[in-house]
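> Sharing input-v4.cif below, mmCIF, N, CA and C atoms:
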```cif
data_my_file
#
loop_
_atom_site.label_atom_id
_atom_site.label_comp_id
_atom_site.auth_asym_id
_atom_site.auth_seq_id
_atom_site.Cartn_x
_atom_site.Cartn_y
_atom_site.Cartn_z
N MET A 1 -76.90 -1.02 30.12
CA MET A 1 -75.95 0.02 30.47
C MET A 1 -75.54 -0.16 31.93
N ARG A 2 -74.29 0.19 32.20
CA ARG A 2 -73.79 0.02 33.56
C ARG A 2 -73.46 1.37 34.17
N GLN A 3 -73.73 1.50 35.45
CA GLN A 3 -73.31 2.69 36.18
C GLN A 3 -71.79 2.71 36.20
N MET A 4 -71.19 3.87 36.09
CA MET A 4 -69.74 3.96 36.08
C MET A 4 -69.17 3.59 37.44
N GLU A 5 -68.24 2.60 37.43
CA GLU A 5 -67.56 2.21 38.65
C GLU A 5 -66.56 3.27 39.05
N ASN A 6 -65.89 3.82 38.07
CA ASN A 6 -64.88 4.86 38.25
C ASN A 6 -65.18 5.96 37.26
N ASP A 7 -64.27 6.91 37.17
CA ASP A 7 -64.45 7.90 36.12
C ASP A 7 -64.21 7.21 34.77
N PRO A 8 -64.79 7.73 33.71
CA PRO A 8 -64.70 7.06 32.41
C PRO A 8 -63.27 6.86 31.91
N MET A 9 -62.39 7.81 32.15
CA MET A 9 -61.02 7.64 31.67
C MET A 9 -60.34 6.50 32.41
N SER A 10 -60.64 6.31 33.69
CA SER A 10 -60.08 5.17 34.42
C SER A 10 -60.56 3.86 33.80
N CYS A 11 -61.80 3.82 33.37
CA CYS A 11 -62.33 2.62 32.71
C CYS A 11 -61.63 2.41 31.37
N ALA A 12 -61.34 3.48 30.64
CA ALA A 12 -60.60 3.36 29.38
C ALA A 12 -59.20 2.82 29.64
N PHE A 13 -58.56 3.27 30.71
CA PHE A 13 -57.24 2.75 31.05
C PHE A 13 -57.30 1.28 31.45
N PHE A 14 -58.36 0.87 32.11
CA PHE A 14 -58.55 -0.55 32.42
C PHE A 14 -58.58 -1.37 31.13
N GLU A 15 -59.31 -0.88 30.13
CA GLU A 15 -59.40 -1.57 28.84
C GLU A 15 -58.05 -1.57 28.12
N ALA A 16 -57.29 -0.48 28.24
CA ALA A 16 -55.96 -0.41 27.63
C ALA A 16 -55.03 -1.44 28.26
N ARG A 17 -55.07 -1.56 29.59
CA ARG A 17 -54.23 -2.56 30.28
C ARG A 17 -54.64 -3.98 29.89
N ALA A 18 -55.93 -4.22 29.72
CA ALA A 18 -56.40 -5.54 29.28
C ALA A 18 -55.89 -5.84 27.87
N ALA A 19 -55.89 -4.84 27.00
CA ALA A 19 -55.34 -5.01 25.65
C ALA A 19 -53.86 -5.34 25.72
N LEU A 20 -53.15 -4.64 26.58
CA LEU A 20 -51.72 -4.88 26.77
C LEU A 20 -51.47 -6.34 27.18
N GLU A 21 -52.27 -6.84 28.10
CA GLU A 21 -52.13 -8.23 28.57
C GLU A 21 -52.38 -9.24 27.45
N ARG A 22 -53.16 -8.85 26.45
CA ARG A 22 -53.42 -9.72 25.30
C ARG A 22 -52.35 -9.55 24.22
N GLY A 23 -51.37 -8.67 24.45
CA GLY A 23 -50.33 -8.42 23.47
C GLY A 23 -50.70 -7.39 22.42
N GLU A 24 -51.81 -6.71 22.64
CA GLU A 24 -52.29 -5.68 21.71
C GLU A 24 -51.70 -4.33 22.09
N THR A 25 -51.68 -3.41 21.14
CA THR A 25 -51.30 -2.03 21.45
C THR A 25 -52.25 -1.53 22.53
N PRO A 26 -51.73 -1.02 23.65
CA PRO A 26 -52.58 -0.68 24.79
C PRO A 26 -53.38 0.61 24.61
N VAL A 27 -54.51 0.46 23.97
CA VAL A 27 -55.45 1.56 23.80
C VAL A 27 -56.81 1.07 24.25
N GLY A 28 -57.47 1.89 25.07
CA GLY A 28 -58.81 1.56 25.54
C GLY A 28 -59.76 2.70 25.29
N ALA A 29 -61.04 2.35 25.13
CA ALA A 29 -62.07 3.36 24.86
C ALA A 29 -63.34 3.03 25.62
N VAL A 30 -64.05 4.08 26.03
CA VAL A 30 -65.30 3.94 26.76
C VAL A 30 -66.28 4.97 26.21
N ILE A 31 -67.52 4.55 26.01
CA ILE A 31 -68.57 5.49 25.58
C ILE A 31 -69.57 5.62 26.72
N VAL A 32 -69.89 6.88 27.03
CA VAL A 32 -70.77 7.21 28.14
C VAL A 32 -71.95 8.03 27.62
N ARG A 33 -73.12 7.70 28.12
CA ARG A 33 -74.31 8.50 27.83
C ARG A 33 -75.12 8.61 29.12
N ASN A 34 -75.53 9.83 29.44
CA ASN A 34 -76.31 10.09 30.65
C ASN A 34 -75.67 9.51 31.91
N GLY A 35 -74.35 9.63 32.00
CA GLY A 35 -73.63 9.19 33.19
C GLY A 35 -73.46 7.70 33.33
N GLU A 36 -73.81 6.93 32.30
CA GLU A 36 -73.66 5.48 32.34
C GLU A 36 -72.77 5.01 31.21
N ILE A 37 -71.98 3.99 31.48
CA ILE A 37 -71.16 3.39 30.45
C ILE A 37 -72.07 2.58 29.52
N VAL A 38 -72.00 2.90 28.25
CA VAL A 38 -72.78 2.20 27.23
C VAL A 38 -71.94 1.07 26.64
N SER A 39 -70.64 1.35 26.46
CA SER A 39 -69.74 0.33 25.92
C SER A 39 -68.31 0.64 26.32
N ARG A 40 -67.49 -0.39 26.21
CA ARG A 40 -66.07 -0.26 26.52
C ARG A 40 -65.32 -1.30 25.71
N ALA A 41 -64.10 -0.97 25.30
CA ALA A 41 -63.32 -1.89 24.48
C ALA A 41 -61.85 -1.52 24.51
N GLY A 42 -61.03 -2.50 24.19
CA GLY A 42 -59.61 -2.30 23.99
C GLY A 42 -59.25 -2.77 22.60
N ASN A 43 -58.10 -2.36 22.11
CA ASN A 43 -57.66 -2.80 20.78
C ASN A 43 -57.71 -4.32 20.67
N GLN A 44 -58.13 -4.81 19.49
CA GLN A 44 -58.19 -6.24 19.22
C GLN A 44 -57.76 -6.55 17.79
N THR A 45 -56.87 -5.76 17.23
CA THR A 45 -56.50 -5.96 15.83
C THR A 45 -55.80 -7.30 15.62
N LEU A 46 -54.93 -7.70 16.53
CA LEU A 46 -54.23 -8.97 16.40
C LEU A 46 -55.17 -10.14 16.67
N GLN A 47 -55.91 -10.05 17.74
CA GLN A 47 -56.84 -11.11 18.12
C GLN A 47 -57.86 -11.38 17.02
N ASP A 48 -58.43 -10.31 16.45
CA ASP A 48 -59.48 -10.46 15.44
C ASP A 48 -58.93 -10.56 14.02
N LYS A 49 -57.60 -10.37 13.87
CA LYS A 49 -57.01 -10.32 12.52
C LYS A 49 -57.77 -9.30 11.68
N ASP A 50 -57.95 -8.12 12.26
CA ASP A 50 -58.78 -7.08 11.66
C ASP A 50 -58.14 -5.71 11.90
N PRO A 51 -57.65 -5.05 10.86
CA PRO A 51 -57.00 -3.76 11.05
C PRO A 51 -57.95 -2.66 11.52
N THR A 52 -59.26 -2.89 11.44
CA THR A 52 -60.22 -1.89 11.91
C THR A 52 -60.64 -2.11 13.36
N ALA A 53 -60.12 -3.12 14.01
CA ALA A 53 -60.53 -3.44 15.38
C ALA A 53 -59.83 -2.56 16.42
N HIS A 54 -59.84 -1.26 16.17
CA HIS A 54 -59.32 -0.29 17.15
C HIS A 54 -60.34 -0.15 18.27
N ALA A 55 -59.86 0.24 19.44
CA ALA A 55 -60.74 0.37 20.61
C ALA A 55 -61.94 1.27 20.34
N GLU A 56 -61.70 2.40 19.67
CA GLU A 56 -62.78 3.34 19.40
C GLU A 56 -63.86 2.72 18.50
N ILE A 57 -63.43 2.04 17.45
CA ILE A 57 -64.36 1.42 16.51
C ILE A 57 -65.18 0.35 17.23
N LEU A 58 -64.51 -0.48 18.01
CA LEU A 58 -65.22 -1.55 18.73
C LEU A 58 -66.22 -0.97 19.73
N ALA A 59 -65.82 0.10 20.42
CA ALA A 59 -66.73 0.73 21.39
C ALA A 59 -67.92 1.37 20.67
N ILE A 60 -67.68 2.00 19.53
CA ILE A 60 -68.77 2.61 18.76
C ILE A 60 -69.74 1.54 18.27
N ARG A 61 -69.21 0.45 17.71
CA ARG A 61 -70.07 -0.64 17.23
C ARG A 61 -70.94 -1.20 18.35
N SER A 62 -70.32 -1.42 19.50
CA SER A 62 -71.05 -1.98 20.63
C SER A 62 -72.12 -1.01 21.14
N ALA A 63 -71.77 0.27 21.25
CA ALA A 63 -72.74 1.27 21.71
C ALA A 63 -73.92 1.38 20.75
N CYS A 64 -73.65 1.35 19.46
CA CYS A 64 -74.73 1.42 18.47
C CYS A 64 -75.67 0.23 18.61
N ARG A 65 -75.11 -0.96 18.80
CA ARG A 65 -75.96 -2.15 19.02
C ARG A 65 -76.77 -2.01 20.29
N THR A 66 -76.12 -1.58 21.37
CA THR A 66 -76.80 -1.44 22.66
C THR A 66 -77.94 -0.44 22.58
N LEU A 67 -77.70 0.68 21.91
CA LEU A 67 -78.69 1.75 21.83
C LEU A 67 -79.65 1.61 20.65
N GLY A 68 -79.36 0.67 19.77
CA GLY A 68 -80.24 0.44 18.63
C GLY A 68 -80.27 1.57 17.63
N SER A 69 -79.11 2.21 17.42
CA SER A 69 -79.04 3.35 16.50
C SER A 69 -77.64 3.47 15.93
N GLU A 70 -77.55 3.97 14.70
CA GLU A 70 -76.24 4.24 14.11
C GLU A 70 -75.69 5.59 14.57
N ARG A 71 -76.46 6.34 15.31
CA ARG A 71 -76.04 7.64 15.83
C ARG A 71 -75.89 7.57 17.35
N LEU A 72 -74.84 8.19 17.83
CA LEU A 72 -74.58 8.21 19.28
C LEU A 72 -74.66 9.64 19.81
N THR A 73 -75.61 10.40 19.28
CA THR A 73 -75.82 11.78 19.70
C THR A 73 -76.01 11.82 21.22
N GLY A 74 -75.34 12.75 21.86
CA GLY A 74 -75.44 12.86 23.32
C GLY A 74 -74.49 11.94 24.06
N SER A 75 -73.64 11.23 23.33
CA SER A 75 -72.68 10.31 23.96
C SER A 75 -71.28 10.90 23.92
N ASP A 76 -70.48 10.52 24.89
CA ASP A 76 -69.11 10.99 24.99
C ASP A 76 -68.17 9.80 24.89
N LEU A 77 -67.05 9.99 24.21
CA LEU A 77 -66.04 8.95 24.03
C LEU A 77 -64.78 9.33 24.77
N TYR A 78 -64.27 8.41 25.58
CA TYR A 78 -63.02 8.57 26.31
C TYR A 78 -62.06 7.53 25.75
N VAL A 79 -60.87 7.96 25.34
CA VAL A 79 -59.90 7.04 24.75
C VAL A 79 -58.50 7.41 25.23
N THR A 80 -57.64 6.41 25.35
CA THR A 80 -56.32 6.64 25.95
C THR A 80 -55.28 7.16 24.97
N LEU A 81 -55.63 7.25 23.68
CA LEU A 81 -54.70 7.76 22.67
C LEU A 81 -55.48 8.58 21.65
N GLU A 82 -54.88 9.64 21.18
CA GLU A 82 -55.50 10.46 20.13
C GLU A 82 -55.94 9.58 18.97
N PRO A 83 -57.19 9.67 18.56
CA PRO A 83 -57.68 8.81 17.47
C PRO A 83 -57.00 9.05 16.14
N CYS A 84 -56.90 7.96 15.37
CA CYS A 84 -56.37 8.01 14.01
C CYS A 84 -57.46 8.52 13.06
N ALA A 85 -57.14 8.66 11.79
CA ALA A 85 -58.11 9.16 10.81
C ALA A 85 -59.32 8.25 10.68
N MET A 86 -59.11 6.93 10.67
CA MET A 86 -60.23 6.00 10.57
C MET A 86 -61.19 6.18 11.75
N CYS A 87 -60.64 6.24 12.94
CA CYS A 87 -61.47 6.38 14.14
C CYS A 87 -62.13 7.76 14.20
N ALA A 88 -61.41 8.79 13.78
CA ALA A 88 -62.00 10.14 13.76
C ALA A 88 -63.20 10.17 12.83
N ALA A 89 -63.09 9.51 11.67
CA ALA A 89 -64.22 9.47 10.74
C ALA A 89 -65.40 8.75 11.38
N ALA A 90 -65.15 7.63 12.05
CA ALA A 90 -66.23 6.90 12.71
C ALA A 90 -66.86 7.74 13.82
N ILE A 91 -66.06 8.47 14.56
CA ILE A 91 -66.56 9.36 15.61
C ILE A 91 -67.48 10.42 15.00
N SER A 92 -67.07 10.97 13.87
CA SER A 92 -67.87 11.98 13.19
C SER A 92 -69.19 11.39 12.70
N PHE A 93 -69.13 10.26 12.01
CA PHE A 93 -70.34 9.64 11.47
C PHE A 93 -71.29 9.19 12.58
N ALA A 94 -70.74 8.80 13.73
CA ALA A 94 -71.58 8.38 14.85
C ALA A 94 -72.17 9.57 15.60
N ARG A 95 -71.70 10.76 15.30
CA ARG A 95 -72.19 12.00 15.93
C ARG A 95 -71.90 12.03 17.44
N ILE A 96 -70.70 11.55 17.81
CA ILE A 96 -70.27 11.61 19.21
C ILE A 96 -70.26 13.08 19.64
N ARG A 97 -70.78 13.36 20.83
CA ARG A 97 -70.89 14.73 21.33
C ARG A 97 -69.54 15.30 21.76
N ARG A 98 -68.82 14.53 22.59
CA ARG A 98 -67.53 15.00 23.12
C ARG A 98 -66.50 13.88 23.01
N LEU A 99 -65.28 14.27 22.67
CA LEU A 99 -64.16 13.34 22.59
C LEU A 99 -63.10 13.76 23.59
N TYR A 100 -62.76 12.84 24.49
CA TYR A 100 -61.70 13.05 25.48
C TYR A 100 -60.60 12.03 25.19
N TRP A 101 -59.34 12.47 25.13
CA TRP A 101 -58.25 11.52 24.95
C TRP A 101 -57.10 11.86 25.85
N ALA A 102 -56.26 10.85 26.08
CA ALA A 102 -55.11 10.99 26.98
C ALA A 102 -53.89 11.47 26.21
N ALA A 103 -53.13 10.55 25.63
CA ALA A 103 -51.87 10.90 24.98
C ALA A 103 -52.07 11.37 23.54
N PRO A 104 -51.29 12.35 23.11
CA PRO A 104 -51.30 12.72 21.70
C PRO A 104 -50.58 11.64 20.89
N ASP A 105 -50.85 11.59 19.59
CA ASP A 105 -50.18 10.64 18.71
C ASP A 105 -49.64 11.39 17.50
N PRO A 106 -48.42 11.96 17.62
CA PRO A 106 -47.86 12.75 16.53
C PRO A 106 -47.70 11.97 15.23
N LYS A 107 -47.52 10.65 15.32
CA LYS A 107 -47.30 9.85 14.11
C LYS A 107 -48.62 9.43 13.45
N GLY A 108 -49.58 8.95 14.24
CA GLY A 108 -50.80 8.40 13.66
C GLY A 108 -52.08 9.12 14.01
N GLY A 109 -51.99 10.12 14.87
CA GLY A 109 -53.19 10.84 15.29
C GLY A 109 -53.77 11.69 14.18
N ALA A 110 -55.07 11.95 14.30
CA ALA A 110 -55.75 12.75 13.26
C ALA A 110 -56.63 13.84 13.84
N VAL A 111 -56.44 14.13 15.13
CA VAL A 111 -57.24 15.18 15.76
C VAL A 111 -56.39 16.44 15.89
N GLU A 112 -55.30 16.36 16.62
CA GLU A 112 -54.36 17.49 16.75
C GLU A 112 -53.19 17.36 15.77
N HIS A 113 -53.01 16.18 15.22
CA HIS A 113 -51.88 15.90 14.34
C HIS A 113 -52.39 15.42 12.99
N GLY A 114 -51.45 15.23 12.06
CA GLY A 114 -51.79 14.70 10.75
C GLY A 114 -52.89 15.50 10.07
N PRO A 115 -53.95 14.81 9.63
CA PRO A 115 -54.98 15.50 8.84
C PRO A 115 -55.90 16.42 9.63
N ARG A 116 -55.83 16.38 10.94
CA ARG A 116 -56.74 17.20 11.76
C ARG A 116 -58.17 17.09 11.23
N PHE A 117 -58.64 15.87 11.28
CA PHE A 117 -59.89 15.47 10.64
C PHE A 117 -61.07 16.40 10.93
N PHE A 118 -61.25 16.76 12.19
CA PHE A 118 -62.44 17.54 12.57
C PHE A 118 -62.38 18.99 12.08
N ALA A 119 -61.22 19.45 11.67
CA ALA A 119 -61.08 20.81 11.16
C ALA A 119 -61.31 20.89 9.66
N GLN A 120 -61.47 19.76 8.99
CA GLN A 120 -61.66 19.74 7.54
C GLN A 120 -63.07 20.17 7.16
N SER A 121 -63.19 20.88 6.06
CA SER A 121 -64.50 21.32 5.59
C SER A 121 -65.39 20.15 5.18
N THR A 122 -64.80 19.01 4.89
CA THR A 122 -65.57 17.82 4.51
C THR A 122 -66.07 17.02 5.70
N CYS A 123 -65.70 17.42 6.90
CA CYS A 123 -66.14 16.72 8.12
C CYS A 123 -67.62 17.03 8.37
N HIS A 124 -68.42 15.99 8.49
CA HIS A 124 -69.87 16.15 8.69
C HIS A 124 -70.24 16.63 10.09
N HIS A 125 -69.49 16.17 11.08
CA HIS A 125 -69.78 16.51 12.48
C HIS A 125 -68.48 16.53 13.25
N ALA A 126 -68.27 17.55 14.03
CA ALA A 126 -67.08 17.64 14.88
C ALA A 126 -67.52 17.67 16.33
N PRO A 127 -67.00 16.72 17.13
CA PRO A 127 -67.33 16.74 18.56
C PRO A 127 -66.55 17.84 19.27
N GLU A 128 -66.96 18.12 20.50
CA GLU A 128 -66.13 18.96 21.36
C GLU A 128 -64.88 18.14 21.67
N LEU A 129 -63.72 18.79 21.73
CA LEU A 129 -62.45 18.08 21.88
C LEU A 129 -61.73 18.45 23.16
N TYR A 130 -61.27 17.42 23.88
CA TYR A 130 -60.55 17.61 25.14
C TYR A 130 -59.39 16.62 25.19
N GLY A 131 -58.18 17.09 24.99
CA GLY A 131 -57.02 16.21 24.98
C GLY A 131 -56.12 16.40 26.17
N GLY A 132 -55.22 15.45 26.35
CA GLY A 132 -54.19 15.54 27.38
C GLY A 132 -54.60 15.08 28.76
N ILE A 133 -55.70 14.35 28.87
CA ILE A 133 -56.17 13.87 30.17
C ILE A 133 -55.35 12.63 30.56
N ARG A 134 -54.57 12.74 31.61
CA ARG A 134 -53.69 11.65 32.06
C ARG A 134 -52.70 11.25 30.96
N GLU A 135 -52.25 12.25 30.26
CA GLU A 135 -51.36 12.08 29.11
C GLU A 135 -50.11 11.27 29.44
N SER A 136 -49.41 11.60 30.52
CA SER A 136 -48.14 10.93 30.82
C SER A 136 -48.37 9.45 31.15
N GLU A 137 -49.46 9.12 31.80
CA GLU A 137 -49.75 7.72 32.13
C GLU A 137 -49.91 6.89 30.86
N SER A 138 -50.65 7.42 29.91
CA SER A 138 -50.86 6.72 28.65
C SER A 138 -49.57 6.65 27.84
N ALA A 139 -48.87 7.77 27.75
CA ALA A 139 -47.61 7.81 26.98
C ALA A 139 -46.61 6.82 27.54
N ASP A 140 -46.51 6.71 28.88
CA ASP A 140 -45.58 5.76 29.51
C ASP A 140 -45.95 4.32 29.15
N MET A 141 -47.23 3.98 29.21
CA MET A 141 -47.67 2.63 28.89
C MET A 141 -47.33 2.30 27.43
N LEU A 142 -47.61 3.22 26.52
CA LEU A 142 -47.32 2.99 25.11
C LEU A 142 -45.82 2.90 24.85
N ARG A 143 -45.05 3.77 25.49
CA ARG A 143 -43.59 3.75 25.32
C ARG A 143 -43.01 2.41 25.77
N ARG A 144 -43.45 1.93 26.93
CA ARG A 144 -42.97 0.63 27.45
C ARG A 144 -43.36 -0.51 26.49
N PHE A 145 -44.58 -0.45 25.98
CA PHE A 145 -45.07 -1.50 25.07
C PHE A 145 -44.20 -1.56 23.82
N PHE A 146 -43.96 -0.41 23.18
CA PHE A 146 -43.19 -0.42 21.95
C PHE A 146 -41.72 -0.69 22.19
N ALA A 147 -41.16 -0.27 23.33
CA ALA A 147 -39.76 -0.56 23.65
C ALA A 147 -39.56 -2.06 23.81
N ALA A 148 -40.52 -2.75 24.39
CA ALA A 148 -40.42 -4.19 24.60
C ALA A 148 -40.52 -4.96 23.28
N ARG A 149 -41.11 -4.37 22.27
CA ARG A 149 -41.29 -5.02 20.98
C ARG A 149 -40.08 -4.84 20.05
N ARG A 150 -39.19 -3.93 20.42
CA ARG A 150 -38.02 -3.66 19.56
C ARG A 150 -36.90 -4.61 19.83
#
```
Render the structure in this file as structure tokens.


Amino acid sequence: MRQMENDPMSCAFFEARAALERGETPVGAVIVRNGEIVSRAGNQTLQDKDPTAHAEILAIRSACRTLGSERLTGSDLYVTLEPCAMCAAAISFARIRRLYWAAPDPKGGAVEHGPRFFAQSTCHHAPELYGGIRESESADMLRRFFAARR
């Protein structure tokens, strides 16, 4: 585990920018436990040829390996975009304590938008939710990325 160099959301933005440089959708995620970064990742769906290689999933997998457990109880996840349904399910199953995200995702998000995963009666665990942290910074990066691809 590494001591946080910056605040966790800044580290998530670092990972998002690294994903952008690789030509990936610029989303970054960081998992923190007891004030230390346990894992960090950016999207790698193109690089890995894997539709599940979202930043959140990669960060969860890495944190579970690092901590030697399939549960991340007491851990917090910081991500630069509202998680999709797949990532929300993984967050729930991993028992993440708190979820912080930057930009909302009206099209693909599943926390405040779409299925609102954590509000469903079938959801096993719902983390504390905190959205809109540095929202405009993330939204601008994503807007520029998708505009360049059109």

> Carefully work through the PyMOL selection byres ((chain A and resi 131) around 8) for this structure and note down the residues it includes, as a VMD selection string.

chain A and resid 82 99 to 104 128 to 130 132 to 135

> Please write the residues from the selection above to a file, keeping N, CA and C atoms, as an mmCIF file, in the frame of the given file.


```cif
data_model
loop_
_atom_site.group_PDB
_atom_site.id
_atom_site.type_symbol
_atom_site.label_atom_id
_atom_site.label_comp_id
_atom_site.auth_asym_id
_atom_site.auth_seq_id
_atom_site.Cartn_x
_atom_site.Cartn_y
_atom_site.Cartn_z
ATOM 1 N N GLU A 82 -54.880 9.640 21.180
ATOM 2 C CA GLU A 82 -55.500 10.460 20.130
ATOM 3 C C GLU A 82 -55.940 9.580 18.970
ATOM 4 N N LEU A 99 -65.280 14.270 22.670
ATOM 5 C CA LEU A 99 -64.160 13.340 22.590
ATOM 6 C C LEU A 99 -63.100 13.760 23.590
ATOM 7 N N TYR A 100 -62.760 12.840 24.490
ATOM 8 C CA TYR A 100 -61.700 13.050 25.480
ATOM 9 C C TYR A 100 -60.600 12.030 25.190
ATOM 10 N N TRP A 101 -59.340 12.470 25.130
ATOM 11 C CA TRP A 101 -58.250 11.520 24.950
ATOM 12 C C TRP A 101 -57.100 11.860 25.850
ATOM 13 N N ALA A 102 -56.260 10.850 26.080
ATOM 14 C CA ALA A 102 -55.110 10.990 26.980
ATOM 15 C C ALA A 102 -53.890 11.470 26.210
ATOM 16 N N ALA A 103 -53.130 10.550 25.630
ATOM 17 C CA ALA A 103 -51.870 10.900 24.980
ATOM 18 C C ALA A 103 -52.070 11.370 23.540
ATOM 19 N N PRO A 104 -51.290 12.350 23.110
ATOM 20 C CA PRO A 104 -51.300 12.720 21.700
ATOM 21 C C PRO A 104 -50.580 11.640 20.890
ATOM 22 N N GLU A 128 -66.960 18.120 20.500
ATOM 23 C CA GLU A 128 -66.130 18.960 21.360
ATOM 24 C C GLU A 128 -64.880 18.140 21.670
ATOM 25 N N LEU A 129 -63.720 18.790 21.730
ATOM 26 C CA LEU A 129 -62.450 18.080 21.880
ATOM 27 C C LEU A 129 -61.730 18.450 23.160
ATOM 28 N N TYR A 130 -61.270 17.420 23.880
ATOM 29 C CA TYR A 130 -60.550 17.610 25.140
ATOM 30 C C TYR A 130 -59.390 16.620 25.190
ATOM 31 N N GLY A 132 -55.220 15.450 26.350
ATOM 32 C CA GLY A 132 -54.190 15.540 27.380
ATOM 33 C C GLY A 132 -54.600 15.080 28.760
ATOM 34 N N ILE A 133 -55.700 14.350 28.870
ATOM 35 C CA ILE A 133 -56.170 13.870 30.170
ATOM 36 C C ILE A 133 -55.350 12.630 30.560
ATOM 37 N N ARG A 134 -54.570 12.740 31.610
ATOM 38 C CA ARG A 134 -53.690 11.650 32.060
ATOM 39 C C ARG A 134 -52.700 11.250 30.960
ATOM 40 N N GLU A 135 -52.250 12.250 30.260
ATOM 41 C CA GLU A 135 -51.360 12.080 29.110
ATOM 42 C C GLU A 135 -50.110 11.270 29.440
#
```

> Step by step, work through what the PyMOL selection byres (((chain A and resi 137-139 and name CA) around 12) and name CA) selects in the shown file, and finish by giving those residues as JSON, numbers by chain.

{"A": [9, 10, 12, 13, 14, 15, 16, 17, 20, 25, 26, 27, 28, 79, 80, 81, 82, 101, 102, 103, 104, 105, 106, 131, 132, 133, 134, 135, 136, 140, 141, 142, 143, 144, 145, 146, 147]}

> So which residues fall inside 9 Å of (-68.0, 14.6, 15.2) if we count only C-alpha atoms? Mind giving them as a VMD selection string?

chain A and resid 88 to 99 118 123 to 128

> Could you tell me which residues the PyMOL selection byres ((chain A and resi 38) around 7) grabs in this file, written as a tab-separated table (two decimals) with N, CA and C atoms, in the frame of the given file?


```tsv
chain	number	residue	atom	x	y	z
A	1	MET	N	-76.90	-1.02	30.12
A	1	MET	CA	-75.95	0.02	30.47
A	1	MET	C	-75.54	-0.16	31.93
A	2	ARG	N	-74.29	0.19	32.20
A	2	ARG	CA	-73.79	0.02	33.56
A	2	ARG	C	-73.46	1.37	34.17
A	30	VAL	N	-64.05	4.08	26.03
A	30	VAL	CA	-65.30	3.94	26.76
A	30	VAL	C	-66.28	4.97	26.21
A	31	ILE	N	-67.52	4.55	26.01
A	31	ILE	CA	-68.57	5.49	25.58
A	31	ILE	C	-69.57	5.62	26.72
A	32	VAL	N	-69.89	6.88	27.03
A	32	VAL	CA	-70.77	7.21	28.14
A	32	VAL	C	-71.95	8.03	27.62
A	33	ARG	N	-73.12	7.70	28.12
A	33	ARG	CA	-74.31	8.50	27.83
A	33	ARG	C	-75.12	8.61	29.12
A	36	GLU	N	-73.81	6.93	32.30
A	36	GLU	CA	-73.66	5.48	32.34
A	36	GLU	C	-72.77	5.01	31.21
A	37	ILE	N	-71.98	3.99	31.48
A	37	ILE	CA	-71.16	3.39	30.45
A	37	ILE	C	-72.07	2.58	29.52
A	39	SER	N	-70.64	1.35	26.46
A	39	SER	CA	-69.74	0.33	25.92
A	39	SER	C	-68.31	0.64	26.32
A	40	ARG	N	-67.49	-0.39	26.21
A	40	ARG	CA	-66.07	-0.26	26.52
A	40	ARG	C	-65.32	-1.30	25.71
A	62	SER	N	-70.32	-1.42	19.50
A	62	SER	CA	-71.05	-1.98	20.63
A	62	SER	C	-72.12	-1.01	21.14
A	63	ALA	N	-71.77	0.27	21.25
A	63	ALA	CA	-72.74	1.27	21.71
A	63	ALA	C	-73.92	1.38	20.75
A	66	THR	N	-76.12	-1.58	21.37
A	66	THR	CA	-76.80	-1.44	22.66
A	66	THR	C	-77.94	-0.44	22.58
```

> If you measure from atom C of Gly23 (chain A) to atom C of Arg150 (chain A), what distance in Å do you get, rounded to one decimal?

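So the answer is 14.3 Å.
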
> Please identify which residues in chain A DSSP calls alpha helix (DSSP H) from the backbone, and express them as a VMD selection string.

chain A and resid 8 to 21 45 to 48 55 to 67 85 to 94 135 to 149

> Excluding same-chain residues fewer than 5 positions from Asn34 (chain A), what lies within 8 Å of it counting all atoms listed in the file, as a PyMOL selection string?

chain A and resi 74-76

> Between A:Ala59, A:Leu46, A:Cys84, A:Ala41, which one has atoms that come closest to Leu72 (chain A), using only C-alpha atoms?

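Of A:Ala59, A:Leu46, A:Cys84, A:Ala41, the one nearest Leu72 (chain A) is A:Ala59, counting only C-alpha atoms.
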
> Work out how far apart atom N of Asn43 (chain A) and atom N of Ala119 (chain A) are and give it in Å to one decimal.

24.4 Å

> Counting all atoms listed in the file, figure out which residue out of A:Gly35, A:Ser121, A:Gly42, A:Tyr78 gets nearest to His54 (chain A).

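Among the listed residues, A:Gly42 lies closest to His54 (chain A).
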
> Please indicate the distance in Å from CA of Ala55 (chain A) to CA of Ala18 (chain A), rounded to one decimal place.

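Between CA of Ala55 (chain A) and CA of Ala18 (chain A) the gap is 11.4 Å.
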
> List every residue of region 13-114 of chain A that DSSP, applied to the backbone of this structure, places in strand (DSSP E or B), and write the result as a list in words.

Gly28, Ala29, Val30, Ile31, Val32, Arg33, Glu36, Ile37, Val38, Ser39, Arg40, Ala41, Gly42, Ser75, Asp76, Leu77, Tyr78, Val79, Thr80, Leu81, Arg98, Leu99, Tyr100, Trp101, Ala102 and Ala103 of chain A
